[in-house]
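Here is the structure we will look at, set down as structure tokens.
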Amino acid sequence: MSSTVPASATTPDAPHTPAKSRKSPGRRPSRSWAAPLLLISPTLLVLGVFVYGLIAANLNTSFQDRHTRAESQGYVWFENYAALFSDDTFMYSLRNLLLYTGAFLLGTLVLGFLWAWLLEKGVRGESLFRAVYLFPMAVSFIASGVVWRWLLNNAEGDRSSGLNRLFGDLGLTWLQNPWWTHERWGIVAIAVPAIWQLSGYVMALFLAGFRGIPEELREAGRMDGCNEWQLYRHVLFPQLSPVALSAIIIIGHMSLKVFDLIMAIAGQTNYTTQVPATQMWVEFTRGDYAKSAAIGTVLLVIVAVLIVPYLVATYRQERRR
Amino acid sequence: MTTEALPAPVQASRPAGTHASVATRTVKYGLLLLFLLLILMPAYVLFVTSFKTIGDATPSRAWNLPAEWQLDGWRRAWETLSPALVRTFSMVIPAALLSAFIGSMNGFVLSKWRFPGADLVFTLILFGMFIPYQAVMIPLVQLMQALSVPSGVPSLIVLHTIYGLPITTLIFRNYYAGVPHELIEAARVDGAGMLRTYASVMLPISMPAFVVVLMWQFTSAWNDYLFALFFSNSRNGPVTISLNFLASGQLQDYSASMAGALIASVPTLVVYILLGRYFVGGLMAGSVKG
């Protein structure tokens, strides 16, 4: 692994080298190869096995007839995947994942942006607001799940507890709802605590984005006769779009991996909050390794669709530097 | 909501509209306070319920203060969680230190002592940060068994170290990229080799990056549940496992489970409060793990 990767990468990197050596004329090329490779080789070896090797091994398992803890019964190739995609429960959990991700992204982006925008021009007590908005991020999904399970109690009327009780007490009975037990929208209720935890993070990203915009740019916009809305539309939003993109990538990939929160709030067997990750765990505990592995691979493909273009773009950008 | 609120600074920036600017200021602070209260609401519930007796934690008194403040819930939670807390510390600290140290060497090599293809290697490492661990879990369980790494703390140290490497490498690489090349060149001219340069030039200026990385690794390993579920149980596992075990029992012991949630969150909250400004700084490095 450690020897093949750099070797194959030599050619694409070659045009890069002259520019580099012009910058640092004193460099002796002979010594700058083996030593750094040696230093990084443990990482390359370990990640080669634990990331790429295991992805391949998992793929291999998913191609087999291996639905009990016993030995594999041979290869069935894509049969397990075909079975998954004709399984209503799996399609339902994919739908849930999509819905959850949509709600999670929308909630964190809107709240994160709003908070950053409110704090952007400096308010008294800014550090307090920032600290409070950000603190849920330090808490585990398991710990926050304890309180959110209580808050999202689905009992209504007299027996209601949690938020439903609060709505009742405030005379907002129409807001009472079955939360995560609702068959169609239940999964969106799980996004509520997730939004509570991560909006502060998105705020921090946007706030840094706002503060990274040079004041001259705003001035120039105003000089050109922009009103405040046009200033946002044509000057600030374009400057903030890389921030928004990284927020989408980060929250999006977290969202697609949702697991802890569902386990803590609804448990692994609850139907209305099924997602691929919980199904994967359930199949694993049943000993259906092939199905479990296939679900893992599907999840990987979904995340890769989001992440790989981002990584490729980042890589190209680095190369150009 | 956003579009509605957006035009507000028009008034704020024009001295003529003093009347309006008072109004927008009020709205602004009102909104900020409202969100502050909403964010703190779950914390209020946790705190208040943890001091209630089992009988007091009924739906009708859900939002009230405890009829009588008592510590039984805390005592029950502490009994269940304290062995797990010790295990979590003994798992998180070595994992964070190991992955931070290795990550700093990787970051150095990938930014300042480069080799052809370093960017490609970096991208391949980075991919490991984003993968859903479900996609490697089944062969991982088999591999760890084959290597006969004991379940519980030893397994989790290995896993958090390995799967922490992409993000620690990323943070150190970004940090070192900002170090002037002249510093490295000067060391080279003095005849220092790679390891000498790393140890005597880079390491001494790495403290801020180490703080961020250690904090990040500490928090994410402390809060991990997925690896803990596959590689430990409530007798040898970390606090997330014990807490979920405590909270999902048939008895619905709300005061104990809420006290437990608070106990389990204290270490990460302390880290966050003490080092919060680095935390935000670290996030700004564009680095996050799910």
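Every chain in the structure tokens takes a letter, A first, then B, and so on in the order presented; its residues are numbered from 1, and the ligands are numbered from 1 following the presented order.
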
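Using only C-alpha atoms, the contacts of Trp281 of chain A at a cut-off of 9 Å, with sequence neighbours closer than 5 positions omitted, comprise Gln268, Pro276, Arg286 and Ser292 of chain A; Gln134 and Phe230 of chain B.
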
Compute the set of chain A residues within 6 Å of chain B, using only C-alpha atoms, and express it as a CSV table (one decimal) with C-alpha atoms, in the first residue's frame.
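Below is the file part-v3.csv, written as the result:
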chain,number,residue,atom,x,y,z
A,6,PRO,CA,3.0,7.4,-4.1
A,9,ALA,CA,0.9,9.4,-8.0
A,10,THR,CA,4.3,10.5,-9.2
A,13,ASP,CA,2.4,15.5,-9.5
A,33,TRP,CA,11.3,11.2,-0.6
A,36,PRO,CA,8.6,11.4,4.8
A,40,ILE,CA,3.6,8.5,7.2
A,54,LEU,CA,-12.5,-3.4,5.2
A,55,ILE,CA,-14.8,-1.6,2.7
A,58,ASN,CA,-17.6,-5.7,3.5
A,138,ALA,CA,-20.4,19.2,23.4
A,139,VAL,CA,-23.1,16.8,24.7
A,140,SER,CA,-23.4,13.3,23.3
A,143,ALA,CA,-27.2,12.1,26.8
A,161,SER,CA,-45.9,15.1,29.3
A,228,GLU,CA,-29.1,46.7,2.2
A,254,MET,CA,-23.5,13.6,9.8
A,257,LYS,CA,-25.1,8.5,9.5
A,296,GLY,CA,-23.6,-0.7,5.1
A,297,THR,CA,-22.5,-0.5,1.5
A,300,LEU,CA,-21.5,4.2,2.0

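Nearest residue to Asp72 of chain B among B:Gln217, B:Ser99, B:Thr197, B:Ser255 is B:Ser255, counting only C-alpha atoms.
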
*Write out as an MDAnalysis selection string which residues come within 12 Å of Ser62 of chain A when counting only C-alpha atoms, dropping same-chain ones fewer than 5 positions away.*
(chainID A and resid 55:57 67 72 74:84 280 288:298) or (chainID B and resid 135:136 138:139)

Written selection (N, CA, C and O atoms) as a short mmCIF file (atom, residue, chain, number, x, y, z; two decimals), in the first residue's frame:
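Generated file (result29.cif):
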data_model
loop_
_atom_site.label_atom_id
_atom_site.label_comp_id
_atom_site.auth_asym_id
_atom_site.auth_seq_id
_atom_site.Cartn_x
_atom_site.Cartn_y
_atom_site.Cartn_z
N ILE A 55 -13.66 -1.94 3.58
CA ILE A 55 -14.76 -1.64 2.65
C ILE A 55 -14.86 -2.78 1.63
O ILE A 55 -15.95 -3.28 1.32
N ALA A 56 -13.70 -3.20 1.13
CA ALA A 56 -13.68 -4.31 0.17
C ALA A 56 -14.19 -5.60 0.81
O ALA A 56 -14.99 -6.33 0.21
N ALA A 57 -13.74 -5.86 2.04
CA ALA A 57 -14.18 -7.08 2.72
C ALA A 57 -15.68 -7.07 2.96
O ALA A 57 -16.36 -8.09 2.84
N HIS A 67 -26.72 -15.62 5.72
CA HIS A 67 -27.80 -15.00 6.49
C HIS A 67 -27.92 -15.54 7.91
O HIS A 67 -28.88 -15.24 8.60
N SER A 72 -20.58 -19.06 5.19
CA SER A 72 -21.22 -18.59 3.97
C SER A 72 -21.63 -19.76 3.08
O SER A 72 -20.94 -20.77 3.03
N GLY A 74 -21.84 -19.52 -0.17
CA GLY A 74 -21.38 -19.21 -1.53
C GLY A 74 -21.86 -17.84 -2.00
O GLY A 74 -22.57 -17.13 -1.28
N TYR A 75 -21.47 -17.50 -3.24
CA TYR A 75 -21.75 -16.15 -3.74
C TYR A 75 -23.11 -16.06 -4.42
O TYR A 75 -23.49 -16.95 -5.18
N VAL A 76 -23.84 -15.01 -4.12
CA VAL A 76 -25.09 -14.73 -4.82
C VAL A 76 -25.02 -13.37 -5.52
O VAL A 76 -25.99 -12.90 -6.07
N TRP A 77 -23.85 -12.72 -5.43
CA TRP A 77 -23.61 -11.41 -6.05
C TRP A 77 -24.66 -10.38 -5.68
O TRP A 77 -24.82 -10.09 -4.51
N PHE A 78 -25.42 -9.86 -6.63
CA PHE A 78 -26.25 -8.70 -6.31
C PHE A 78 -27.62 -9.07 -5.73
O PHE A 78 -28.46 -8.21 -5.53
N GLU A 79 -27.81 -10.34 -5.46
CA GLU A 79 -29.12 -10.79 -4.97
C GLU A 79 -29.52 -10.08 -3.67
O GLU A 79 -30.67 -9.69 -3.52
N ASN A 80 -28.57 -9.93 -2.76
CA ASN A 80 -28.88 -9.27 -1.49
C ASN A 80 -29.32 -7.82 -1.70
O ASN A 80 -30.20 -7.32 -1.00
N TYR A 81 -28.68 -7.16 -2.68
CA TYR A 81 -29.05 -5.77 -2.96
C TYR A 81 -30.43 -5.72 -3.60
O TYR A 81 -31.25 -4.86 -3.28
N ALA A 82 -30.68 -6.65 -4.51
CA ALA A 82 -31.99 -6.70 -5.15
C ALA A 82 -33.07 -6.92 -4.08
O ALA A 82 -34.12 -6.27 -4.10
N ALA A 83 -32.77 -7.81 -3.15
CA ALA A 83 -33.73 -8.08 -2.07
C ALA A 83 -33.98 -6.84 -1.24
O ALA A 83 -35.11 -6.52 -0.88
N LEU A 84 -32.89 -6.10 -0.96
CA LEU A 84 -33.02 -4.88 -0.16
C LEU A 84 -33.95 -3.88 -0.83
O LEU A 84 -34.86 -3.33 -0.21
N MET A 280 -29.19 -1.82 9.93
CA MET A 280 -27.93 -2.53 9.84
C MET A 280 -27.59 -3.18 11.17
O MET A 280 -27.19 -4.34 11.24
N ASP A 288 -27.64 -11.86 10.48
CA ASP A 288 -27.76 -11.80 9.01
C ASP A 288 -26.65 -10.89 8.47
O ASP A 288 -26.89 -9.73 8.13
N TYR A 289 -25.43 -11.45 8.39
CA TYR A 289 -24.28 -10.62 8.04
C TYR A 289 -24.34 -10.09 6.62
O TYR A 289 -23.93 -8.96 6.35
N ALA A 290 -24.85 -10.90 5.70
CA ALA A 290 -24.87 -10.46 4.30
C ALA A 290 -25.79 -9.25 4.13
O ALA A 290 -25.43 -8.25 3.49
N LYS A 291 -26.98 -9.31 4.72
CA LYS A 291 -27.92 -8.20 4.59
C LYS A 291 -27.36 -6.97 5.29
O LYS A 291 -27.42 -5.86 4.77
N SER A 292 -26.80 -7.19 6.47
CA SER A 292 -26.21 -6.10 7.24
C SER A 292 -25.09 -5.43 6.44
O SER A 292 -25.02 -4.20 6.37
N ALA A 293 -24.24 -6.23 5.82
CA ALA A 293 -23.13 -5.69 5.03
C ALA A 293 -23.65 -4.92 3.82
O ALA A 293 -23.12 -3.86 3.46
N ALA A 294 -24.70 -5.45 3.21
CA ALA A 294 -25.28 -4.77 2.04
C ALA A 294 -25.84 -3.41 2.43
O ALA A 294 -25.64 -2.42 1.71
N ILE A 295 -26.50 -3.33 3.59
CA ILE A 295 -27.03 -2.04 4.04
C ILE A 295 -25.87 -1.07 4.28
O ILE A 295 -25.94 0.10 3.89
N GLY A 296 -24.79 -1.57 4.88
CA GLY A 296 -23.61 -0.73 5.10
C GLY A 296 -23.07 -0.16 3.81
O GLY A 296 -22.73 1.02 3.72
N THR A 297 -23.01 -1.01 2.77
CA THR A 297 -22.50 -0.54 1.48
C THR A 297 -23.42 0.51 0.86
O THR A 297 -22.95 1.51 0.32
N VAL A 298 -24.73 0.29 0.96
CA VAL A 298 -25.67 1.27 0.40
C VAL A 298 -25.45 2.62 1.09
O VAL A 298 -25.39 3.67 0.45
N ALA B 135 -20.25 0.76 7.08
CA ALA B 135 -19.76 0.13 5.85
C ALA B 135 -18.50 -0.70 6.07
O ALA B 135 -18.03 -1.37 5.15
N VAL B 136 -17.91 -0.66 7.28
CA VAL B 136 -16.75 -1.50 7.56
C VAL B 136 -16.99 -2.37 8.79
O VAL B 136 -16.12 -3.15 9.18
N ILE B 138 -18.88 -4.99 9.90
CA ILE B 138 -18.90 -6.45 10.02
C ILE B 138 -17.51 -7.05 9.86
O ILE B 138 -17.05 -7.78 10.74
N PRO B 139 -16.76 -6.71 8.79
CA PRO B 139 -15.38 -7.22 8.73
C PRO B 139 -14.51 -6.67 9.87
O PRO B 139 -13.58 -7.35 10.30
#

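Taking atom CA of Val92 of chain B as the reference point, atom CA of Val213 of chain B is found at 12.8 Å.
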
*Those of segment 19-260 of chain B in DSSP alpha helix (DSSP H), formatted as an MDAnalysis selection string*: chainID B and resid 19:50 72:111 118:130 134:146 153:177 181:189 194:197 207:223 226:231 239:247 254:260

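Compared by their closest atoms to Val27 of chain B, and using only C-alpha atoms, the residues A:Leu118, A:Val301, A:Leu163, A:Met263 rank with A:Leu118 nearest.
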
*Could you name the residues that touch segment 188-192 of chain A at 7 Å or less, counting only C-alpha atoms, but leaving out those on the same chain fewer than 4 positions away, as a ChimeraX atom specification?*
/A:99-100,103-104,179-180,196,262

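Of note, atom CA of Gly48 of chain A and atom CA of Val312 of chain A are spaced 18.8 Å apart.
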
*Skipping near chain neighbours, those fewer than 3 positions away, what residues fall within 12 Å of Phe167 of chain A using only C-alpha atoms, listed as a PyMOL selection string?*
(chain A and resi 151-152+156-158+160-164+170-177) or (chain B and resi 63)

_Could you tell me how far atom CA of Thr272 of chain A sits from atom CA of Glu183 of chain A, in Å to one decimal place?_
5.2 Å

*Find the spatial neighbours of Val158 of chain B, counting only C-alpha atoms, within a cut-off of 9 Å - ignore same-chain residues fewer than 5 positions away - and output them as a list in words.*
Ala95, Val149, Val153 and Tyr163 of chain B

Produce a file of the selected residues containing N, CA, C and O atoms, as a PDB file, in the first residue's frame.
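Dumped to selection.pdb:
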ATOM      1  N   ALA B  95      -6.369   7.240  23.623  1.00  0.00           N
ATOM      2  CA  ALA B  95      -6.776   7.342  22.211  1.00  0.00           C
ATOM      3  C   ALA B  95      -6.535   8.743  21.680  1.00  0.00           C
ATOM      4  O   ALA B  95      -6.023   8.918  20.570  1.00  0.00           O
ATOM      5  N   VAL B 149      -7.955  -8.662  19.911  1.00  0.00           N
ATOM      6  CA  VAL B 149      -7.975  -7.474  20.764  1.00  0.00           C
ATOM      7  C   VAL B 149      -9.173  -7.625  21.699  1.00  0.00           C
ATOM      8  O   VAL B 149     -10.283  -7.839  21.229  1.00  0.00           O
ATOM      9  N   VAL B 153     -12.408  -1.547  26.648  1.00  0.00           N
ATOM     10  CA  VAL B 153     -11.454  -0.441  26.552  1.00  0.00           C
ATOM     11  C   VAL B 153     -10.341  -0.675  25.513  1.00  0.00           C
ATOM     12  O   VAL B 153     -10.104   0.214  24.676  1.00  0.00           O
ATOM     13  N   TYR B 163      -9.416   5.516  13.613  1.00  0.00           N
ATOM     14  CA  TYR B 163     -10.388   6.301  12.861  1.00  0.00           C
ATOM     15  C   TYR B 163     -10.330   7.788  13.211  1.00  0.00           C
ATOM     16  O   TYR B 163     -10.998   8.606  12.581  1.00  0.00           O
TER      17      TYR B 163
END
